[in-house]
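Novice: Contents of target-v2.cif (mmCIF, C-alpha atoms):
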data_start
loop_
_atom_site.label_atom_id
_atom_site.label_comp_id
_atom_site.auth_asym_id
_atom_site.auth_seq_id
_atom_site.Cartn_x
_atom_site.Cartn_y
_atom_site.Cartn_z
CA MET A 1 148.59 47.63 -6.16
CA THR A 2 145.75 49.18 -8.18
CA ILE A 3 147.40 52.57 -8.23
CA TRP A 4 150.48 51.01 -9.78
CA TRP A 5 148.35 49.31 -12.38
CA LEU A 6 146.62 52.53 -13.16
CA ILE A 7 149.93 54.30 -13.55
CA VAL A 8 151.25 51.56 -15.89
CA ILE A 9 148.13 51.79 -18.04
CA LEU A 10 148.32 55.54 -18.19
CA VAL A 11 152.00 55.35 -19.09
CA THR A 12 151.22 52.79 -21.80
CA LEU A 13 148.48 54.97 -23.23
CA GLY A 14 150.82 57.93 -23.14
CA ALA A 15 153.53 55.94 -24.96
CA ILE A 16 151.05 54.85 -27.61
CA GLY A 17 149.91 58.42 -28.12
CA ILE A 18 153.51 59.64 -28.39
CA ALA A 19 154.30 56.85 -30.87
CA PHE A 20 151.28 57.80 -32.89
CA VAL A 21 152.29 61.46 -32.96
CA TRP A 22 155.87 60.47 -33.78
CA LEU A 23 154.61 58.29 -36.68
CA ILE A 24 152.54 61.11 -38.11
CA ALA A 25 155.48 63.43 -37.82
CA LYS A 26 157.75 60.97 -39.70
CA LEU A 27 155.21 60.54 -42.36
CA SER A 28 154.92 64.27 -42.68
CA GLN A 29 158.72 64.55 -43.00
CA LEU A 30 158.76 61.91 -45.63
CA HIS A 31 156.06 63.71 -47.46
CA GLN A 32 158.05 66.93 -47.47
CA ALA A 33 161.38 65.29 -48.32
CA GLU A 34 160.41 63.37 -51.53
CA PRO A 35 159.95 65.14 -54.69
CA LYS A 36 156.64 66.62 -55.15
CA GLN A 37 155.49 64.15 -57.74
CA GLY A 38 156.47 61.02 -55.99
CA VAL A 39 155.14 62.35 -52.88
CA GLU A 40 151.98 63.37 -54.33
CA ARG A 41 151.66 60.00 -55.93
CA LEU A 42 152.46 58.30 -52.72
CA LEU A 43 150.14 60.55 -50.93
CA ASP A 44 147.45 59.87 -53.27
CA ALA A 45 148.10 56.17 -53.03
CA VAL A 46 148.16 56.40 -49.28
CA ASN A 47 145.11 58.46 -49.24
CA SER A 48 143.37 56.08 -51.48
CA ASP A 49 144.53 53.15 -49.39
CA VAL A 50 143.71 54.92 -46.25
CA GLU A 51 140.42 55.79 -47.60
CA HIS A 52 140.07 52.30 -48.73
CA ILE A 53 141.29 50.62 -45.55
CA PHE A 54 140.37 53.15 -42.93
CA ASN A 55 137.00 53.96 -44.24
CA GLU A 56 134.41 55.53 -42.14
CA ASP A 57 132.90 52.29 -40.89
CA PHE A 58 136.27 50.85 -40.01
CA ARG A 59 137.17 53.97 -38.14
CA GLU A 60 133.91 53.91 -36.37
CA GLU A 61 134.48 50.31 -35.43
CA LEU A 62 138.03 51.09 -34.25
CA ARG A 63 136.68 53.92 -32.21
CA ASN A 64 134.05 51.71 -30.74
CA ARG A 65 136.55 48.99 -30.01
CA GLY A 66 138.94 51.49 -28.53
CA ARG A 67 136.16 53.00 -26.54
CA LEU A 68 135.05 49.59 -25.34
CA HIS A 69 138.59 48.52 -24.60
CA PHE A 70 139.21 51.80 -22.83
CA GLU A 71 135.99 51.42 -20.89
CA LYS A 72 136.91 47.86 -20.08
CA ILE A 73 140.33 48.89 -18.88
CA ILE A 74 138.84 51.80 -17.00
CA GLY A 75 136.23 49.47 -15.50
CA GLU A 76 138.81 46.91 -14.51
CA ASN A 77 141.06 49.54 -13.07
CA ALA A 78 138.14 51.10 -11.35
CA MET A 79 137.28 47.71 -9.94
CA PHE A 80 140.89 47.17 -8.89
CA LEU A 81 140.98 50.64 -7.53
CA GLN A 82 137.77 49.98 -5.68
CA GLN A 83 139.12 46.72 -4.30
CA ASP A 84 142.34 48.40 -3.34
CA LEU A 85 140.40 51.23 -1.80
CA ARG A 86 138.26 48.75 0.11
CA LEU A 87 141.31 46.83 1.18
CA THR A 88 143.11 50.02 2.09
CA THR A 89 140.05 51.23 3.89
CA SER A 90 139.70 47.97 5.77
CA GLN A 91 143.40 47.97 6.55
CA LEU A 92 143.19 51.56 7.51
CA ASN A 93 140.20 50.75 9.68
CA GLU A 94 142.04 47.86 11.20
CA TYR A 95 145.08 50.00 11.73
CA MET A 96 142.99 52.77 13.20
CA LYS A 97 141.22 50.25 15.36
CA GLN A 98 144.49 48.82 16.56
CA GLU A 99 146.02 52.25 17.09
CA LEU A 100 142.93 53.54 18.82
CA SER A 101 142.63 50.39 20.90
CA SER A 102 146.28 50.56 21.81
CA THR A 103 146.11 54.22 22.62
CA LEU A 104 142.90 53.78 24.50
CA ARG A 105 144.33 50.77 26.31
CA GLN A 106 147.38 52.77 27.28
CA GLU A 107 145.29 55.73 28.32
CA PHE A 108 142.93 53.49 30.22
CA SER A 109 145.87 51.82 31.82
CA LYS A 110 147.22 55.22 32.82
CA TYR A 111 143.80 56.26 34.00
CA GLU A 112 143.41 53.04 35.89
CA GLU A 113 146.81 53.49 37.43
CA SER A 114 145.98 57.06 38.36
CA ILE A 115 142.64 55.98 39.77
CA THR A 116 144.35 53.18 41.68
CA ASP A 117 146.88 55.63 43.07
CA ALA A 118 144.18 58.13 43.94
CA LYS A 119 142.13 55.36 45.49
CA GLN A 120 145.09 54.17 47.52
CA LEU A 121 145.82 57.75 48.55
CA ALA A 122 142.21 58.23 49.55
CA ILE A 123 142.23 54.93 51.44
CA ASP A 124 145.43 55.91 53.24
CA SER A 125 144.00 59.31 54.06
CA ILE A 126 140.76 57.73 55.26
CA GLU A 127 142.72 55.24 57.34
CA LYS A 128 144.76 58.02 58.90
CA THR A 129 141.65 60.06 59.55
CA LYS A 130 139.93 57.01 60.96
CA GLN A 131 142.91 56.30 63.18
CA THR A 132 143.01 59.91 64.36
CA ILE A 133 139.27 59.90 65.02
CA GLU A 134 139.61 56.64 66.89
CA GLU A 135 142.39 58.07 69.03
CA GLN A 136 140.37 61.22 69.68
CA ARG A 137 137.31 59.14 70.48
CA SER A 138 139.32 56.99 72.83
CA LEU A 139 140.79 60.06 74.50
CA LEU A 140 137.42 61.74 74.78
CA SER A 141 135.86 58.57 76.05
CA GLU A 142 138.54 58.27 78.69
CA GLN A 143 138.16 61.90 79.70
CA LEU A 144 134.40 61.55 79.73
CA THR A 145 134.63 58.46 81.88
CA LYS A 146 136.88 60.28 84.32
CA GLU A 147 134.61 63.33 84.35
CA VAL A 148 131.53 61.20 84.86
CA ALA A 149 133.23 59.28 87.65
CA ALA A 150 134.37 62.51 89.32
CA GLU A 151 130.92 64.06 88.93
CA LYS A 152 129.33 60.92 90.27
CA GLN A 153 131.66 60.97 93.24
CA ARG A 154 130.90 64.65 93.82
CA LEU A 155 127.18 63.99 93.65
CA ILE A 156 127.48 61.05 96.01
CA GLU A 157 129.53 63.09 98.45
CA ARG A 158 127.09 65.98 98.23
CA PHE A 159 124.19 63.61 98.62
CA GLU A 160 125.83 61.94 101.61
CA GLN A 161 126.64 65.28 103.14
CA ASN A 162 123.12 66.53 102.57
CA MET A 163 121.74 63.24 103.76
CA ALA A 164 123.70 63.58 107.01
CA ASP A 165 122.40 67.13 107.37
CA ILE A 166 118.86 65.99 106.65
CA ILE A 167 119.11 63.19 109.20
CA ASN A 168 120.61 65.53 111.76
CA HIS A 169 117.95 68.14 111.11
CA TYR A 170 115.22 65.53 111.29
CA VAL A 171 116.54 64.09 114.54
CA LEU A 172 116.97 67.54 116.06
CA GLU A 173 113.46 68.51 114.99
CA ALA A 174 112.05 65.20 116.15
CA ILE A 175 113.61 65.01 119.57
CA GLY A 176 114.36 68.69 120.23
CA LYS A 177 110.92 69.47 121.58
CA GLN A 178 110.68 66.19 123.41
CA ILE A 179 113.66 66.72 125.69
CA ASP A 180 112.79 68.62 128.84
CA LEU A 181 115.36 71.17 129.93
CA ASN A 182 115.36 69.78 133.48
CA ASP A 183 116.30 66.39 132.08
CA GLN A 184 119.30 68.00 130.47
CA LEU A 185 120.55 69.55 133.71
CA GLU A 186 122.87 66.69 134.50
CA TYR A 187 124.34 66.74 131.01
CA ILE A 188 124.71 70.52 131.08
CA LEU A 189 126.44 70.49 134.45
CA SER A 190 128.74 67.69 133.35
CA GLU A 191 129.66 69.62 130.21
CA LEU A 192 130.29 72.73 132.28
CA GLU A 193 132.39 70.71 134.69
CA ALA A 194 134.37 69.20 131.85
CA ASN A 195 135.12 72.62 130.41
CA LYS A 196 135.38 74.45 133.70
CA GLN A 197 139.03 75.34 133.37
CA ALA A 198 138.65 76.69 129.89
CA ILE A 199 135.62 78.78 130.83
CA LYS A 200 137.38 80.06 133.93
CA GLU A 201 140.48 81.10 132.01
CA ASP A 202 138.37 82.62 129.31
CA ILE A 203 136.38 84.74 131.81
CA ASN A 204 139.46 85.74 133.83
CA HIS A 205 141.35 86.82 130.73
CA GLY A 206 138.37 88.69 129.40
CA ALA A 207 137.52 90.41 132.67
CA MET B 1 135.81 92.14 141.97
CA GLU B 2 138.64 90.34 143.73
CA HIS B 3 138.32 92.11 147.12
CA GLU B 4 134.57 92.26 147.15
CA THR B 5 133.02 91.43 150.51
CA TYR B 6 129.39 91.36 149.53
CA VAL B 7 127.54 88.31 148.43
CA LEU B 8 125.54 88.10 145.24
CA PRO B 9 122.39 86.04 145.84
CA LEU B 10 121.52 83.25 143.42
CA GLN B 11 118.19 84.90 142.72
CA ILE B 12 120.05 87.68 140.93
CA VAL B 13 121.15 86.00 137.75
CA GLY B 14 121.82 88.45 134.97
CA LYS B 15 122.82 91.99 134.33
CA GLY B 16 119.20 92.87 133.78
CA ASP B 17 118.40 91.76 137.30
CA VAL B 18 121.23 93.92 138.64
CA LEU B 19 120.05 96.97 136.69
CA LYS B 20 116.53 96.41 137.88
CA LEU B 21 117.76 96.10 141.47
CA LYS B 22 119.80 99.26 141.10
CA ARG B 23 116.82 101.20 139.80
CA GLU B 24 114.71 99.89 142.65
CA LEU B 25 117.35 100.69 145.24
CA VAL B 26 117.94 104.17 143.84
CA ALA B 27 114.19 104.77 143.89
CA LEU B 28 114.09 103.54 147.47
CA ASP B 29 116.97 105.82 148.36
CA GLU B 30 115.20 108.80 146.82
CA TYR B 31 112.02 107.86 148.63
CA VAL B 32 113.89 107.73 151.94
CA GLU B 33 115.55 111.07 151.26
CA GLN B 34 112.19 112.65 150.48
CA LEU B 35 110.73 111.05 153.57
CA LYS B 36 113.54 112.44 155.64
CA MET B 37 112.90 115.90 154.24
CA ARG B 38 109.21 115.60 155.03
CA GLN B 39 109.77 114.13 158.49
CA ALA B 40 112.99 115.68 159.57
CA ASP B 41 112.51 114.99 163.23
CA THR B 42 111.46 111.38 162.85
CA ALA B 43 113.86 108.52 162.40
CA ILE B 44 113.33 106.24 159.41
CA GLU B 45 112.25 102.77 160.42
CA PRO B 46 111.86 99.66 158.22
CA HIS B 47 108.10 99.86 158.40
CA ASN B 48 108.32 103.35 156.88
CA LEU B 49 109.77 101.90 153.71
CA PRO B 50 107.64 100.68 150.80
CA LYS B 51 107.46 97.02 149.99
CA THR B 52 110.51 95.90 148.10
CA SER B 53 111.07 93.05 145.65
CA SER B 54 112.16 89.61 146.71
CA SER B 55 115.51 90.09 144.96
CA LEU B 56 116.21 93.24 146.91
CA ASN B 57 115.16 91.52 150.09
CA GLU B 58 117.43 88.61 149.25
CA LEU B 59 120.32 90.99 148.64
CA SER B 60 119.80 92.71 151.95
CA SER B 61 119.47 89.51 153.92
CA ALA B 62 122.47 87.89 152.26
CA ASN B 63 124.66 90.88 153.05
CA HIS B 64 123.03 91.96 156.30
CA LEU B 65 122.08 95.28 154.87
CA LYS B 66 119.27 97.39 156.21
CA TRP B 67 117.67 99.54 153.54
CA HIS B 68 116.40 102.10 155.96
CA ILE B 69 120.02 102.86 156.88
CA ASP B 70 121.59 105.36 154.53
CA LYS B 71 125.05 103.80 154.64
CA ASP B 72 123.69 100.37 153.72
CA ARG B 73 121.70 101.75 150.82
CA THR B 74 124.71 103.57 149.53
CA ALA B 75 126.82 100.47 149.96
CA GLY B 76 124.20 98.44 148.13
CA ILE B 77 124.10 100.91 145.24
CA ASP B 78 127.87 100.98 145.06
CA PHE B 79 127.99 97.21 145.07
CA LEU B 80 125.46 97.04 142.27
CA ASN B 81 127.42 99.66 140.30
CA ARG B 82 130.60 97.65 140.73
CA LEU B 83 128.74 94.59 139.53
CA ILE B 84 127.45 96.44 136.48
CA GLU B 85 130.90 97.68 135.60
CA HIS B 86 133.19 94.83 136.55
CA ALA B 87 131.28 91.60 137.04
CA PRO B 88 132.18 88.87 134.52
CA LEU B 89 129.39 88.31 132.06
CA VAL B 90 128.41 85.16 130.22
CA HIS B 91 125.61 84.54 127.79
CA ILE B 92 124.03 81.12 127.89
CA SER B 93 121.35 79.90 125.49
CA PHE B 94 119.02 76.94 125.73
CA ALA B 95 116.59 75.31 123.34
CA SER B 96 113.63 76.26 125.50
CA GLU B 97 112.87 78.78 128.20
CA PRO B 98 114.51 77.69 131.49
CA THR B 99 112.65 77.85 134.75
CA ASN B 100 113.87 79.93 137.68
CA ALA B 101 114.78 76.84 139.64
CA PHE B 102 116.78 75.51 136.74
CA MET B 103 118.59 78.80 136.30
CA ARG B 104 119.34 78.95 139.98
CA LYS B 105 121.18 75.64 139.72
CA ILE B 106 123.14 76.82 136.73
CA ASP B 107 123.86 80.08 138.46
CA LYS B 108 125.03 78.26 141.57
CA TRP B 109 127.47 76.20 139.54
CA PHE B 110 128.94 79.31 137.93
CA ARG B 111 129.20 81.17 141.26
CA ASP B 112 130.79 78.15 142.96
CA ASN B 113 133.16 77.12 140.20
CA ILE B 114 133.89 80.10 138.00
CA ASP B 115 133.38 83.40 139.77
CA PRO B 116 131.10 84.36 142.71
CA TYR B 117 129.98 87.50 140.90
CA VAL B 118 129.41 86.15 137.45
CA LEU B 119 126.28 87.44 135.74
CA ILE B 120 124.42 85.23 133.30
CA ASN B 121 122.32 86.47 130.45
CA VAL B 122 119.90 83.80 129.29
CA GLY B 123 118.94 83.42 125.64
CA LEU B 124 116.66 81.19 123.62
CA GLU B 125 117.96 79.20 120.63
CA PRO B 126 115.50 76.48 119.56
CA SER B 127 117.67 75.26 116.70
CA ILE B 128 120.16 73.61 119.04
CA ALA B 129 117.47 71.09 120.08
CA ALA B 130 119.19 70.21 123.32
CA GLY B 131 122.23 71.21 125.34
CA PHE B 132 123.38 74.80 125.48
CA THR B 133 125.72 77.40 124.02
CA LEU B 134 127.95 79.59 126.14
CA GLN B 135 129.39 82.89 125.01
CA THR B 136 131.88 85.00 126.88
CA ASP B 137 133.64 88.16 125.84
CA ASN B 138 136.30 86.09 124.10
CA LYS B 139 134.88 82.76 123.05
CA TYR B 140 131.85 80.88 121.92
CA HIS B 141 131.33 77.38 123.33
CA ASP B 142 128.78 75.14 121.71
CA PHE B 143 127.66 72.23 123.87
CA SER B 144 124.48 71.64 121.93
CA LEU B 145 123.12 68.45 120.46
CA ARG B 146 123.29 70.07 117.03
CA GLU B 147 127.04 70.57 117.39
CA HIS B 148 127.35 67.07 118.76
CA PHE B 149 125.63 65.69 115.67
CA LEU B 150 127.68 67.86 113.33
CA ASN B 151 130.91 66.62 114.89
CA ARG B 152 129.77 63.07 114.42
CA LYS B 153 128.51 63.44 110.87
CA VAL B 154 131.34 61.27 109.56
CA LEU B 155 130.44 58.58 112.06
CA LEU B 156 126.83 58.81 110.95
CA MET B 157 127.85 58.40 107.31
CA LYS B 158 130.08 55.48 108.19
CA SER B 159 127.20 53.86 110.02
CA ILE B 160 124.88 54.40 107.08
CA LYS B 161 127.43 53.04 104.61
CA GLY B 162 128.15 50.13 106.90
CA ASN B 163 124.48 49.30 107.04
CA ASP B 164 124.29 49.55 103.25
CA HIS B 165 126.93 46.86 102.83
CA THR B 166 125.67 44.61 105.59
CA PRO B 167 123.60 41.74 104.19
CA GLU B 168 120.19 41.24 105.73
CA THR B 169 120.03 38.23 108.02
CA THR B 170 116.33 38.13 108.75
#
How does this structure look as structure tokens?
Specialist:
Amino acid sequence: MTIWWLIVILVTLGAIGIAFVWLIAKLSQLHQAEPKQGVERLLDAVNSDVEHIFNEDFREELRNRGRLHFEKIIGENAMFLQQDLRLTTSQLNEYMKQELSSTLRQEFSKYEESITDAKQLAIDSIEKTKQTIEEQRSLLSEQLTKEVAAEKQRLIERFEQNMADIINHYVLEAIGKQIDLNDQLEYILSELEANKQAIKEDINHGA
Amino acid sequence: MEHETYVLPLQIVGKGDVLKLKRELVALDEYVEQLKMRQADTAIEPHNLPKTSSSLNELSSANHLKWHIDKDRTAGIDFLNRLIEHAPLVHISFASEPTNAFMRKIDKWFRDNIDPYVLINVGLEPSIAAGFTLQTDNKYHDFSLREHFLNRKVLLMKSIKGNDHTPETT
């Protein structure tokens, strides 16, 4: 708005200046066209009138008024221009704010979407990893349980076997020296009798 | 040794006894031969012989052999040689050292039931605790208490486990 006003004022001032120049030019033509006497007379009259009307004080006053009017117009226009600039600036700020907010909102939305996707991807990956780890843990646990059970069974068997050997050894040590050989004669003869045939065949074949 | 006519006394148990007897009998034979060379015109009588071991005496009495007679000595030596070469041999081990009387009973059983000329080498194996082990040229028989326990190890374990699960009723 203010720019348009400024342009109108400048155009008006320009038109006034052109009109003023055109008026001086016409007067100059008139001055050249009339006979020298009439012209001179008119010029003199004009000059005297001009001198009379547009004396130095009047001119000074006109200049002052013009200056004041011009300053007033300039001030008003400057004020309008300032208002328009402020308005434009505020609108521009508002527009920039809106644009920036919109852009930022869109970007944030995109970022948020990307983050959400990445988060979901990470969660899925973590879930898969967790599932795999759980399966591995379950498998390992099962294998470990089996191994422990087998090892336990082996240890128990070894312990039982050793225990039987220990008991046997203890009994043999304990009673071995207590049994008189003469007391064993009956047992020995009975064993020999029971295996007589085998011993006989063995000796006959070997002889 | 199937057609052997001589008897092997129970006092002669192992191959070592036979070898010892053979050495003694050979020495006696050499002594008699030397005596005959020294006293060519005198007949050899039993009282001319040196004192012999109880085993040699037993051998002579069991087979009616007279050691002052050359033929009997030669027969005795031949018999002992045949025993050394052909008699069946068994090795029997006990947990402790057997007495002579004990070994005579064992020897009698072998001579009566297995072979009349069987020779028994006696060994000592304290780890068997009781019973005996018998080894021939072909086989090893274990009739010891140790083997008996080893064969019944499973039964022992069953008994122990059974006792573990049995509630106390005291």
Novice: From the options B:Ile106, B:Leu119, B:Ala43, B:Leu124, which residue's atoms come nearest to chain A, counting all atoms listed in the file?
Specialist: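 Among B:Ile106, B:Leu119, B:Ala43, B:Leu124, it is B:Ile106 that comes nearest to chain A.
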Novice: Return the single residue from A:Ile7, A:Ala194, A:Ile123, A:Leu172 that is closest to chain B, with distances computed using all atoms listed in the file.
Specialist: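 Ranking A:Ile7, A:Ala194, A:Ile123, A:Leu172 by distance to chain B, first place goes to A:Leu172.
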Novice: Using all atoms listed in the file, select each residue of chain A with any atom at most 8 Å away from an atom of chain B, and give the selection as a PDB file with C-alpha atoms, in the coordinates of the input.
Specialist:
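Contents of out_1.pdb, as written:
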ATOM      1  CA  GLU A 160     125.830  61.940 101.610  1.00  0.00           C
ATOM      2  CA  ALA A 164     123.700  63.580 107.010  1.00  0.00           C
ATOM      3  CA  ASP A 165     122.400  67.130 107.370  1.00  0.00           C
ATOM      4  CA  ASN A 168     120.610  65.530 111.760  1.00  0.00           C
ATOM      5  CA  LEU A 172     116.970  67.540 116.060  1.00  0.00           C
ATOM      6  CA  GLU A 173     113.460  68.510 114.990  1.00  0.00           C
ATOM      7  CA  ILE A 175     113.610  65.010 119.570  1.00  0.00           C
ATOM      8  CA  GLY A 176     114.360  68.690 120.230  1.00  0.00           C
ATOM      9  CA  LYS A 177     110.920  69.470 121.580  1.00  0.00           C
ATOM     10  CA  ILE A 179     113.660  66.720 125.690  1.00  0.00           C
ATOM     11  CA  LEU A 181     115.360  71.170 129.930  1.00  0.00           C
ATOM     12  CA  ASN A 182     115.360  69.780 133.480  1.00  0.00           C
ATOM     13  CA  GLN A 184     119.300  68.000 130.470  1.00  0.00           C
ATOM     14  CA  LEU A 185     120.550  69.550 133.710  1.00  0.00           C
ATOM     15  CA  TYR A 187     124.340  66.740 131.010  1.00  0.00           C
ATOM     16  CA  ILE A 188     124.710  70.520 131.080  1.00  0.00           C
ATOM     17  CA  LEU A 189     126.440  70.490 134.450  1.00  0.00           C
ATOM     18  CA  GLU A 191     129.660  69.620 130.210  1.00  0.00           C
ATOM     19  CA  LYS A 196     135.380  74.450 133.700  1.00  0.00           C
ATOM     20  CA  ILE A 199     135.620  78.780 130.830  1.00  0.00           C
ATOM     21  CA  LYS A 200     137.380  80.060 133.930  1.00  0.00           C
ATOM     22  CA  ASP A 202     138.370  82.620 129.310  1.00  0.00           C
ATOM     23  CA  ILE A 203     136.380  84.740 131.810  1.00  0.00           C
ATOM     24  CA  ASN A 204     139.460  85.740 133.830  1.00  0.00           C
ATOM     25  CA  GLY A 206     138.370  88.690 129.400  1.00  0.00           C
ATOM     26  CA  ALA A 207     137.520  90.410 132.670  1.00  0.00           C
TER      27      ALA A 207
END
Novice: Please tell me which residues are no farther than 12 Å from (119.5, 92.0, 148.1) in the file, counting only C-alpha atoms, and write them as a PyMOL selection string.
Specialist: chain B and resi 6-12+17-18+20-22+24-25+52-67+72-73+75-77+79-80
Novice: Rounded to one decimal, what separation in Å do you get between CA of Gly14 in chain A and CA of Thr2 in chain A?
Specialist: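 Pair CA of Gly14 in chain A / CA of Thr2 in chain A returns 18.1 Å.
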Novice: Hey, can I get the axis-aligned box for range 136-155 of chain B? All listed atoms, 8 Å padding on each side, centre and edge lengths in Å to one decimal, as AutoDock Vina command-line options.
Specialist:
--center_x 129.7 --center_y 73.4 --center_z 118.2 --size_x 29.2 --size_y 45.6 --size_z 33.3
Novice: Once the PyMOL selection byres ((chain A and resi 6) around 9) has been applied to the shown file, what residues remain in the selection, as a ChimeraX atom specification?
Specialist: /A:1-5,7-11,74,77-78,80-81
Novice: Could you please take those selected residues and save C-alpha atoms as a short mmCIF file (atom, residue, chain, number, x, y, z; two decimals), in the coordinates of the input?
Specialist:
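What landed in selection07.cif:
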data_model
loop_
_atom_site.label_atom_id
_atom_site.label_comp_id
_atom_site.auth_asym_id
_atom_site.auth_seq_id
_atom_site.Cartn_x
_atom_site.Cartn_y
_atom_site.Cartn_z
CA MET A 1 148.59 47.63 -6.16
CA THR A 2 145.75 49.18 -8.18
CA ILE A 3 147.40 52.57 -8.23
CA TRP A 4 150.48 51.01 -9.78
CA TRP A 5 148.35 49.31 -12.38
CA ILE A 7 149.93 54.30 -13.55
CA VAL A 8 151.25 51.56 -15.89
CA ILE A 9 148.13 51.79 -18.04
CA LEU A 10 148.32 55.54 -18.19
CA VAL A 11 152.00 55.35 -19.09
CA ILE A 74 138.84 51.80 -17.00
CA ASN A 77 141.06 49.54 -13.07
CA ALA A 78 138.14 51.10 -11.35
CA PHE A 80 140.89 47.17 -8.89
CA LEU A 81 140.98 50.64 -7.53
#
Novice: Do you have the CA of Ile92 in chain B-CA of Asp142 in chain B distance handy?
Specialist: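 CA of Ile92 in chain B sits 9.8 Å away from CA of Asp142 in chain B.
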Novice: Lys36 in chain B: which residues within 12 Å, counting only C-alpha atoms, same-chain residues fewer than 4 positions away excluded, as number ranges by chain?
Specialist: B: 29-32, 40-45, 48-49, 68-70
Novice: Using only C-alpha atoms, which of the listed residues (B:Val26, B:Leu83, B:Leu35, B:Val13) sits closest to Asp107 in chain B?
Specialist: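 That would be B:Val13, the residue with the smallest distance to Asp107 in chain B.
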Novice: Could you tell me how far CA of Asp78 in chain B sits from CA of Leu28 in chain B, in Å to one decimal place?
Specialist: 14.2 Å
